[in-house]
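Q: Pasting a structure here, questions to come.
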Amino acid sequence: MSTPRLSRSDAPISRRTVLRGVTGAAASISALGASLAQASTGTPGFYVNLNQDRGEVLAYTWYEPWLDEILPMFEEETGIRVNRVGAFSRNDEWWARLQAGEQFDFFMPTADWAERAMKADLLMPLDLDLIPNTENLLEEFQTIESLTQDGEQYAQGFAREIYSLAWNTTAITESPTSWEITWDERHAGEMTLYDQASARVGTTALYLGDDPFNPTMWDEIRDAMLEQHELVDKYWEDYQIGMEMFINEEVVLGQISDGRVRMANGLGAELAYTVPVEGALMGLDTLAITHNAKNVENAHALIDFMQRPEINALQMTIMGYDSVNQAAHESLDPEVEEGFSIPEGAELLLLRDLDPQVRSQMDELWTEVKLS
């Protein structure tokens, strides 16, 4: 199975436009609420739910505040109650609950974990006839090979994040172009990296010219990671903590998601990011339905709602994560859309499920490096 390699040519990120997008989020929410009201009643600013009680959908989602804004809109428009069974901060939390036989309908796994769940028969294939807003997605994300089995799709792409090379533009004035800078002794003690085995081994493999999902240069990767380990101030596992290290200027260089760069800049930081010449790993949040879902039609209705351009655009302006929804990008003000541009010629490799032996070897190597 081939590894998706995606590219997009756009202008560099503008902090000014990102800030404008973030500060405009509240106005966008208000405008969206008004438009939904008018669509349902013909009267701006007043919503009467014309739908009868259509049951519920049990949702298990990420800890993301924008969901608090859009889920009530879904309930009002459809008459479907969204009962949230919790929120997770790591994929292994929902994985454990599904493995234990717990029941919920809708959730938001990353693509690599969704692939693993698909192989373990923990997902229900999507009925795309019930998700007409699939047509809003970028063409390369309308069908994802790694999430397709026997001709059926088991999860749908939503928001992507690049595990990018980021830096403080005040401290580092010349834009780096290679992961090589994360081995530069001049930045010893002022660098942070993602504390995750596949990210560390995979990014190092990219730097060395190896396959990040099936490495062969294990000795070289080990030596490079041990050398780099001596320079790192702290590794981050929680996205918020990684971002705060940059905001508080505890570090000036490292690996962090592009969405967190936008969010940090909206909070006053002076950061930039790039996709190095060697490429970068890319995560993809997906929308999926569990194998034991009871409210299948309602779960599809929620996915379709979340694939609307205006709903995706709210996620982009509130959270700062890039969307794979082309219609959402087109709905943004051009200057706001500029803030989501990807560096020209960027090579992005979509994270995917690993062979169990490779995953185990990565975990063992990363444990060895951290304990060194």
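By convention here, the chains of the structure tokens are called A, B, ... in the order presented, each chain's residues are numbered starting at 1, and ligands are numbered starting at 1 in the order presented.
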Please list as JSON, numbers by chain every residue within 7 Å of A:Met362, counting only C-alpha atoms and excluding residues in the same chain fewer than 3 positions away.
A: {"A": [197, 198, 201, 358, 359, 365, 366]}
Q: Just the residues within 7 Å of stretch 101-112 of chain A, please, counting only C-alpha atoms, with nothing from its chain fewer than 4 positions along; format it as number ranges by chain.
A: A: 57-62, 91, 97, 116, 283-290, 292-296, 299, 351-353
Q: Find the residues near A:Met316: any atom within 10 Å, counting only C-alpha atoms, skip ones fewer than 4 places away on the same chain, and give them as number ranges by chain.
A: A: 18, 21-22, 25, 66, 159, 259, 310-312, 320-323, 328-329, 332, 336-337, 340
Q: Given the selection you just returned, output its residues as a file containing C-alpha atoms, formatted as a PDB file, in the first residue's frame.
A:
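So the final result, stored in part30.pdb, reads:
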```
ATOM      1  CA  VAL A  18      -3.957  34.288  11.796  1.00  0.00           C
ATOM      2  CA  GLY A  21      -8.956  34.805  12.038  1.00  0.00           C
ATOM      3  CA  VAL A  22      -8.771  33.929  15.730  1.00  0.00           C
ATOM      4  CA  ALA A  25     -14.166  33.524  15.691  1.00  0.00           C
ATOM      5  CA  TRP A  66     -15.044  24.593  19.509  1.00  0.00           C
ATOM      6  CA  ALA A 159      -8.567  18.304  10.208  1.00  0.00           C
ATOM      7  CA  GLY A 259      -2.037  24.418  14.452  1.00  0.00           C
ATOM      8  CA  GLU A 310     -19.128  26.957   7.794  1.00  0.00           C
ATOM      9  CA  ILE A 311     -18.684  24.356  10.555  1.00  0.00           C
ATOM     10  CA  ASN A 312     -15.206  23.416   9.357  1.00  0.00           C
ATOM     11  CA  GLY A 320      -6.214  26.963  14.303  1.00  0.00           C
ATOM     12  CA  TYR A 321      -6.072  23.476  12.804  1.00  0.00           C
ATOM     13  CA  ASP A 322      -6.021  23.196   9.039  1.00  0.00           C
ATOM     14  CA  SER A 323      -9.020  21.553   7.393  1.00  0.00           C
ATOM     15  CA  ALA A 328     -14.310  25.529   4.169  1.00  0.00           C
ATOM     16  CA  HIS A 329     -11.098  27.097   2.860  1.00  0.00           C
ATOM     17  CA  LEU A 332     -12.845  32.083   4.559  1.00  0.00           C
ATOM     18  CA  VAL A 336      -7.581  34.589   6.820  1.00  0.00           C
ATOM     19  CA  GLU A 337      -7.162  31.685   4.421  1.00  0.00           C
ATOM     20  CA  PHE A 340      -3.435  28.279   6.602  1.00  0.00           C
TER      21      PHE A 340
END
```
Q: As an exercise, work out the distance from atom CA of A:Leu348 to atom CA of A:Tyr163 in Å and give it to one decimal place.
A: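 Separation of atom CA of A:Leu348 and atom CA of A:Tyr163: 9.3 Å.
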Q: Using only C-alpha atoms, determine which residues lie at most 12 Å from A:Pro132, disregarding the query and same-chain residues fewer than 3 positions distant; provide the list as a tab-separated table (two decimals) with C-alpha atoms, in the first residue's frame.
A:
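The resulting file, result-v7.tsv, is reproduced below:
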```tsv
chain	number	residue	atom	x	y	z
A	126	LEU	CA	-19.58	4.68	6.35
A	127	ASP	CA	-22.65	5.05	4.16
A	128	LEU	CA	-21.49	7.93	1.99
A	129	ASP	CA	-25.01	8.41	0.66
A	135	GLU	CA	-18.05	16.42	-1.87
A	136	ASN	CA	-16.68	19.41	0.07
A	137	LEU	CA	-13.41	17.62	0.85
A	142	GLN	CA	-12.44	12.08	-0.42
A	300	HIS	CA	-23.94	9.88	9.97
A	301	ALA	CA	-26.01	13.05	10.33
A	302	LEU	CA	-23.42	14.45	12.75
A	303	ILE	CA	-20.55	13.65	10.39
A	304	ASP	CA	-22.38	15.33	7.52
A	305	PHE	CA	-23.03	18.40	9.70
A	306	MET	CA	-19.36	18.65	10.65
A	307	GLN	CA	-18.34	18.53	6.99
A	308	ARG	CA	-20.27	21.70	6.21
```
Q: DSSP says strand (DSSP E or B) for which residues of stretch 117-326 of chain A? Put them as a ChimeraX atom specification?
A: /A:123,137,148-149,152-153,156-168,191-194,234-236,253-257,271-274,280-290,322-323,325
Q: For a quick check of understanding, using only C-alpha atoms, which of A:Trp183, A:Ile144, A:Gly86, A:Tyr239 has the smallest distance to A:Glu161?
A: A:Tyr239
Q: Might you pull out every residue within 12 Å of A:Ala199, with only C-alpha atoms counted and same-chain residues fewer than 5 positions away left off, and present them as a PyMOL selection string?
A: chain A and resi 162-164+193-194+204-207+212-213+225+235-237+255-257+280-283+349-352+359+362-363+366
Q: Got a sec: who's within 10 Å of A:Gln149, counting only C-alpha atoms, leaving out chain neighbours fewer than 4 positions off, as an NGL selection string?
A: :A and (115 or 118-119 or 125 or 145 or 153-154)
